[in-house]
file upload06.cif (mmCIF, C-alpha atoms)
data_input
loop_
_atom_site.label_atom_id
_atom_site.label_comp_id
_atom_site.auth_asym_id
_atom_site.auth_seq_id
_atom_site.Cartn_x
_atom_site.Cartn_y
_atom_site.Cartn_z
CA MET A 1 -7.64 7.51 -3.23
CA CYS A 2 -4.52 7.22 -1.15
CA GLY A 3 -1.96 9.94 -1.83
CA ARG A 4 0.40 9.69 1.11
CA PHE A 5 1.32 7.28 3.88
CA TYR A 6 3.64 7.30 6.88
CA ILE A 7 6.41 5.00 8.07
CA ASP A 8 7.59 5.38 11.66
CA ASP A 9 11.02 4.35 12.95
CA TYR A 10 9.67 1.07 14.37
CA LEU A 11 7.70 -0.16 11.36
CA ILE A 12 10.23 -2.66 10.00
CA SER A 13 10.82 -4.26 13.42
CA ASP A 14 7.02 -4.40 13.92
CA VAL A 15 6.66 -6.06 10.51
CA ARG A 16 9.35 -8.62 11.48
CA LYS A 17 7.34 -9.50 14.62
CA VAL A 18 4.24 -10.43 12.59
CA LEU A 19 6.21 -11.91 9.65
CA PRO A 20 9.23 -13.66 11.24
CA ASP A 21 10.14 -15.51 8.00
CA LEU A 22 10.24 -12.32 5.92
CA ILE A 23 13.44 -11.92 3.89
CA ILE A 24 14.75 -8.34 3.73
CA ASP A 25 16.64 -7.17 0.66
CA SER A 26 19.12 -4.35 1.38
CA PRO A 27 18.27 -3.96 5.11
CA SER A 28 20.33 -0.76 5.51
CA GLU A 29 18.46 0.93 2.63
CA ILE A 30 15.06 -0.24 3.91
CA SER A 31 15.80 0.90 7.47
CA ARG A 32 16.35 4.49 6.25
CA MET A 33 12.86 4.70 4.74
CA ALA A 34 10.88 6.57 7.36
CA GLY A 35 8.60 9.59 7.48
CA ASP A 36 5.94 10.69 5.01
CA ILE A 37 5.97 8.70 1.76
CA CYS A 38 4.69 10.65 -1.23
CA PRO A 39 4.11 9.54 -4.83
CA SER A 40 7.38 8.90 -6.74
CA ALA A 41 9.27 8.23 -3.46
CA ALA A 42 10.85 4.87 -2.63
CA ALA A 43 9.16 2.70 -0.03
CA PRO A 44 9.47 -0.82 1.38
CA VAL A 45 7.25 -3.30 -0.47
CA ILE A 46 6.55 -7.00 0.18
CA VAL A 47 6.66 -9.22 -2.94
CA SER A 48 7.00 -12.88 -3.84
CA SER A 49 10.47 -14.36 -4.22
CA ASP A 50 10.75 -18.13 -4.85
CA SER A 51 7.58 -18.83 -2.83
CA HIS A 52 8.78 -16.64 0.05
CA LEU A 53 7.90 -13.11 1.10
CA LEU A 54 10.61 -10.55 0.38
CA LEU A 55 10.76 -6.94 1.57
CA CYS A 56 12.47 -4.70 -1.00
CA ALA A 57 12.55 -1.06 -2.07
CA MET A 58 10.35 0.21 -4.89
CA ARG A 59 9.14 3.57 -6.20
CA TRP A 60 5.51 4.58 -5.83
CA GLY A 61 3.66 5.24 -9.08
CA TYR A 62 3.47 3.80 -12.57
CA THR A 63 4.86 6.19 -15.12
CA GLY A 64 2.46 7.10 -17.89
CA ARG A 65 2.56 9.28 -20.94
CA GLY A 66 4.15 12.65 -20.36
CA LYS A 67 4.58 13.49 -16.70
CA SER A 68 1.54 11.63 -15.39
CA LEU A 69 1.97 9.17 -12.53
CA MET A 70 -0.63 6.53 -11.66
CA ILE A 71 -0.49 5.91 -7.91
CA ASN A 72 -3.74 4.00 -7.32
CA ALA A 73 -5.85 1.35 -9.02
CA ARG A 74 -9.46 0.46 -8.20
CA ALA A 75 -9.69 -3.05 -6.78
CA GLU A 76 -13.10 -3.50 -8.40
CA THR A 77 -11.82 -2.92 -11.95
CA ALA A 78 -8.09 -3.81 -11.85
CA ALA A 79 -8.70 -7.18 -13.55
CA GLU A 80 -10.36 -5.41 -16.51
CA LYS A 81 -7.83 -2.61 -17.06
CA PRO A 82 -4.97 -3.27 -19.51
CA SER A 83 -2.64 -1.24 -17.27
CA PHE A 84 -3.17 -3.60 -14.32
CA ARG A 85 -4.52 -6.95 -15.59
CA LYS A 86 -1.17 -8.74 -15.97
CA ASP A 87 0.18 -7.30 -12.72
CA LEU A 88 -2.89 -8.52 -10.84
CA ALA A 89 -2.31 -11.99 -12.26
CA CYS A 90 1.36 -12.29 -11.30
CA ARG A 91 2.75 -9.20 -9.53
CA ARG A 92 0.76 -8.54 -6.37
CA CYS A 93 2.43 -6.84 -3.42
CA ALA A 94 1.75 -5.26 -0.04
CA VAL A 95 3.13 -2.01 1.29
CA PRO A 96 3.69 -1.85 5.06
CA ALA A 97 2.75 1.48 6.64
CA SER A 98 2.29 2.88 10.12
CA SER A 99 -0.63 4.99 8.90
CA PHE A 100 -2.02 6.65 5.80
CA TYR A 101 -3.51 10.06 5.19
CA GLU A 102 -6.66 11.23 3.49
CA TRP A 103 -8.14 14.66 2.90
CA ASN A 104 -11.82 15.61 3.04
CA SER A 105 -13.53 18.05 0.69
CA GLY A 106 -12.53 20.95 2.98
CA LYS A 107 -8.85 19.97 2.58
CA ASP A 108 -8.60 18.85 6.22
CA CYS A 109 -6.15 15.99 6.67
CA PHE A 110 -6.82 12.84 8.69
CA SER A 111 -4.50 10.01 9.65
CA PHE A 112 -5.73 6.39 9.72
CA SER A 113 -4.00 3.62 11.67
CA GLN A 114 -4.58 0.41 13.60
CA GLU A 115 -5.96 0.78 17.13
CA LYS A 116 -2.90 -0.90 18.69
CA SER A 117 -0.28 0.77 16.47
CA GLU A 118 0.22 -2.46 14.54
CA PRO A 119 1.46 -2.19 10.94
CA LEU A 120 -1.01 -1.72 8.12
CA PHE A 121 -0.47 -3.69 4.91
CA LEU A 122 -1.75 -1.80 1.86
CA ALA A 123 -2.50 -4.10 -1.08
CA GLY A 124 -0.82 -3.18 -4.32
CA LEU A 125 0.49 -4.23 -7.69
CA TYR A 126 3.89 -3.69 -9.23
CA SER A 127 5.46 -3.62 -12.66
CA PHE A 128 8.66 -2.63 -14.43
CA PHE A 129 9.30 0.77 -16.00
CA GLU A 130 12.69 1.35 -17.62
CA ASN A 131 14.19 -1.52 -15.57
CA GLU A 132 12.83 -0.10 -12.32
CA ARG A 133 10.14 -1.77 -10.23
CA ARG A 134 7.27 0.55 -9.35
CA PHE A 135 4.04 -0.03 -7.41
CA VAL A 136 0.49 1.26 -7.23
CA LEU A 137 -1.89 0.91 -4.30
CA LEU A 138 -5.26 -0.76 -4.70
CA THR A 139 -8.24 1.19 -3.37
CA THR A 140 -11.72 0.07 -2.46
CA GLU A 141 -14.97 1.49 -1.15
CA ALA A 142 -14.53 3.24 2.20
CA ASN A 143 -15.56 1.52 5.42
CA LEU A 144 -17.40 3.29 8.27
CA SER A 145 -14.26 4.79 9.80
CA MET A 146 -13.28 6.30 6.45
CA LYS A 147 -16.62 7.37 4.90
CA PRO A 148 -16.92 10.70 6.78
CA VAL A 149 -13.63 11.76 5.15
CA HIS A 150 -13.47 10.13 1.69
CA PRO A 151 -15.46 7.54 -0.35
CA ARG A 152 -12.33 5.47 -1.18
CA MET A 153 -9.56 3.92 0.91
CA PRO A 154 -6.62 1.54 0.51
CA LEU A 155 -7.41 -2.16 0.32
CA LEU A 156 -5.98 -3.63 3.53
CA ILE A 157 -4.55 -7.12 3.92
CA SER A 158 -4.00 -8.64 7.38
CA PRO A 159 -0.61 -10.21 8.19
CA ASP A 160 -1.99 -13.77 8.09
CA GLU A 161 -3.54 -13.08 4.66
CA LEU A 162 -0.31 -11.81 3.05
CA PRO A 163 0.89 -15.23 1.78
CA GLY A 164 -2.50 -15.84 0.15
CA TRP A 165 -2.62 -12.39 -1.45
CA ILE A 166 0.98 -12.30 -2.68
CA LEU A 167 1.78 -15.94 -3.44
CA LYS A 168 -1.52 -17.46 -4.64
CA SER A 169 -3.02 -16.09 -7.84
CA SER A 170 -6.09 -18.27 -7.37
CA GLU A 171 -7.02 -16.31 -4.22
CA ALA A 172 -6.59 -12.78 -5.62
CA ALA A 173 -10.27 -12.31 -6.50
CA TYR A 174 -11.28 -13.00 -2.89
CA TYR A 175 -9.00 -10.26 -1.55
CA LEU A 176 -10.18 -7.72 -4.11
CA ARG A 177 -13.69 -7.99 -2.63
CA LYS A 178 -12.50 -7.83 0.97
CA LYS A 179 -14.01 -5.16 3.23
CA PRO A 180 -11.23 -3.35 5.15
CA GLU A 181 -11.31 -3.41 8.93
CA GLU A 182 -12.26 -0.32 10.90
CA LEU A 183 -9.38 2.03 11.70
CA GLN A 184 -8.52 4.71 14.19
CA ARG A 185 -9.07 8.17 12.67
CA ARG A 186 -7.16 11.22 13.90
CA ALA A 187 -7.46 14.79 12.64
CA VAL A 188 -4.11 16.17 11.48
CA GLY A 189 -5.46 19.53 10.31
CA GLN A 190 -4.34 21.37 7.20
CA MET A 191 -1.55 19.53 5.43
CA ASN A 192 -0.37 20.01 1.87
CA LEU A 193 -0.97 16.89 -0.22
CA PHE A 194 1.93 17.70 -2.56
CA ALA A 195 4.57 18.87 -0.04
#
call {"tool": "encode", "arguments": {"input": "upload06.cif", "output": "structure tokens"}}
result
Amino acid sequence: MCGRFYIDDYLISDVRKVLPDLIIDSPSEISRMAGDICPSAAAPVIVSSDSHLLLCAMRWGYTGRGKSLMINARAETAAEKPSFRKDLACRRCAVPASSFYEWNSGKDCFSFSQEKSEPLFLAGLYSFFENERRFVLLTTEANLSMKPVHPRMPLLISPDELPGWILKSSEAAYYLRKKPEELQRRAVGQMNLFA
């Protein structure tokens, strides 16, 4: 599960360095999105737009019945689930993040990031709810850096894989089976998941 991620003040410029052809929708709105990103908050998301990659704002979480909010989908079963099947076929996205958080069974919080402070790209899906685009993050089995904390982690896409993941439906199955790279783990201590 991934229930919170972090965007630092340099993330968008770091994303531009690795994706120089990225088109940014509403740059002033996107540039204000920094800090901890919790479910239901707006975040920058990379989607397909006329065979190009576009960075736009979207809310995190599919709205369900009542007050429930789906924030994650299992990569292994997304193609089988009615809630995600169509989105996997034609609405794949990636969420840039500086790091993400996970809690262990003792409620200790850990931050996960790239060794060289490069942006992470969390694979996701998006759909429309009451004329608003919303996204979920895809999760997969934890790698060695994550397993001591939690059995699941976000599915990570490298910058050079983003066009294949987002623009080419025929390649989606490959990425769903991808093993995420090892990450730097840092103890954050006690942190409220729902703050």
call {"tool": "residues_around", "arguments": {"input": "upload06.cif", "residues": "Phe112 in chain A", "least_positions_apart": "4", "cutoff": "8 Å", "atoms": "all atoms listed in the file", "output": "list in words"}}
result
Ser99, Phe100, Tyr101, Glu102, Leu183, Gln184, Arg185 and Arg186 of chain A
call {"tool": "closest_residue", "arguments": {"input": "upload06.cif", "among": "A:Gly3, A:Gly35, A:Pro96, A:Gly106", "to": "Ser158 in chain A", "atoms": "all atoms listed in the file"}}
result
A:Pro96
call {"tool": "atom_distance", "arguments": {"input": "upload06.cif", "atom1": "CA of Met58 in chain A", "atom2": "CA of Arg16 in chain A"}}
result
18.6 Å
call {"tool": "residues_around", "arguments": {"input": "upload06.cif", "residues": "range 159-162 of chain A", "least_positions_apart": "4", "cutoff": "10 Å", "atoms": "all atoms listed in the file", "output": "ChimeraX atom specification"}}
result
/A:15,18-19,46-47,53,93-94,96,119-121,123,166-168,175
call {"tool": "atom_distance", "arguments": {"input": "upload06.cif", "atom1": "CA of Gly124 in chain A", "atom2": "CA of Lys86 in chain A"}}
result
12.9 Å
call {"tool": "atom_distance", "arguments": {"input": "upload06.cif", "atom1": "CA of Cys90 in chain A", "atom2": "CA of Arg152 in chain A"}}
result
24.6 Å
call {"tool": "resolve_selection", "arguments": {"input": "upload06.cif", "expression": "the PyMOL selection byres ((chain A and resi 132) around 12)", "output": "list in words"}}
result
Ser40, Ala42, Ala57, Met58, Arg59, Trp60, Gly61, Tyr62, Thr63, Tyr126, Ser127, Phe128, Phe129, Glu130, Asn131, Arg133, Arg134 and Phe135 of chain A
call {"tool": "residues_around", "arguments": {"input": "upload06.cif", "residues": "Leu88 in chain A", "least_positions_apart": "6", "cutoff": "9 Å", "atoms": "only C-alpha atoms", "output": "mmCIF file with C-alpha atoms, keeping the file's coordinate frame"}}
result
data_model
loop_
_atom_site.group_PDB
_atom_site.id
_atom_site.type_symbol
_atom_site.label_atom_id
_atom_site.label_comp_id
_atom_site.auth_asym_id
_atom_site.auth_seq_id
_atom_site.Cartn_x
_atom_site.Cartn_y
_atom_site.Cartn_z
ATOM 1 C CA ALA A 78 -8.090 -3.810 -11.850
ATOM 2 C CA ALA A 79 -8.700 -7.180 -13.550
ATOM 3 C CA GLY A 124 -0.820 -3.180 -4.320
ATOM 4 C CA LEU A 125 0.490 -4.230 -7.690
ATOM 5 C CA TYR A 126 3.890 -3.690 -9.230
ATOM 6 C CA SER A 169 -3.020 -16.090 -7.840
ATOM 7 C CA ALA A 172 -6.590 -12.780 -5.620
#
call {"tool": "closest_residue", "arguments": {"input": "upload06.cif", "among": "A:Asp50, A:Ala97, A:Thr77, A:Cys38", "to": "Ile7 in chain A", "atoms": "all atoms listed in the file"}}
result
A:Ala97
call {"tool": "resolve_selection", "arguments": {"input": "upload06.cif", "expression": "the PyMOL selection byres ((chain A and resi 180) around 9)", "output": "number ranges by chain"}}
result
A: 140-143, 153-157, 178-179, 181-183
call {"tool": "closest_residue", "arguments": {"input": "upload06.cif", "among": "A:Asp108, A:Lys147, A:Pro163, A:Arg92", "to": "Ser51 in chain A", "atoms": "only C-alpha atoms"}}
result
A:Pro163
call {"tool": "closest_residue", "arguments": {"input": "upload06.cif", "among": "A:Asp87, A:Leu138, A:Ser48, A:Ser145", "to": "Arg74 in chain A", "atoms": "only C-alpha atoms"}}
result
A:Leu138
call {"tool": "resolve_selection", "arguments": {"input": "upload06.cif", "expression": "the PyMOL selection byres ((chain A and resi 31) around 10)", "output": "VMD selection string"}}
result
chain A and resid 9 to 13 26 to 30 32 to 34 44
call {"tool": "closest_residue", "arguments": {"input": "upload06.cif", "among": "A:Lys116, A:Lys17, A:Arg4, A:Asn104", "to": "Pro151 in chain A", "atoms": "all atoms listed in the file"}}
result
A:Asn104
call {"tool": "closest_residue", "arguments": {"input": "upload06.cif", "among": "A:Glu115, A:Asp8, A:Asp25, A:Glu171", "to": "Ile37 in chain A", "atoms": "all atoms listed in the file"}}
result
A:Asp8
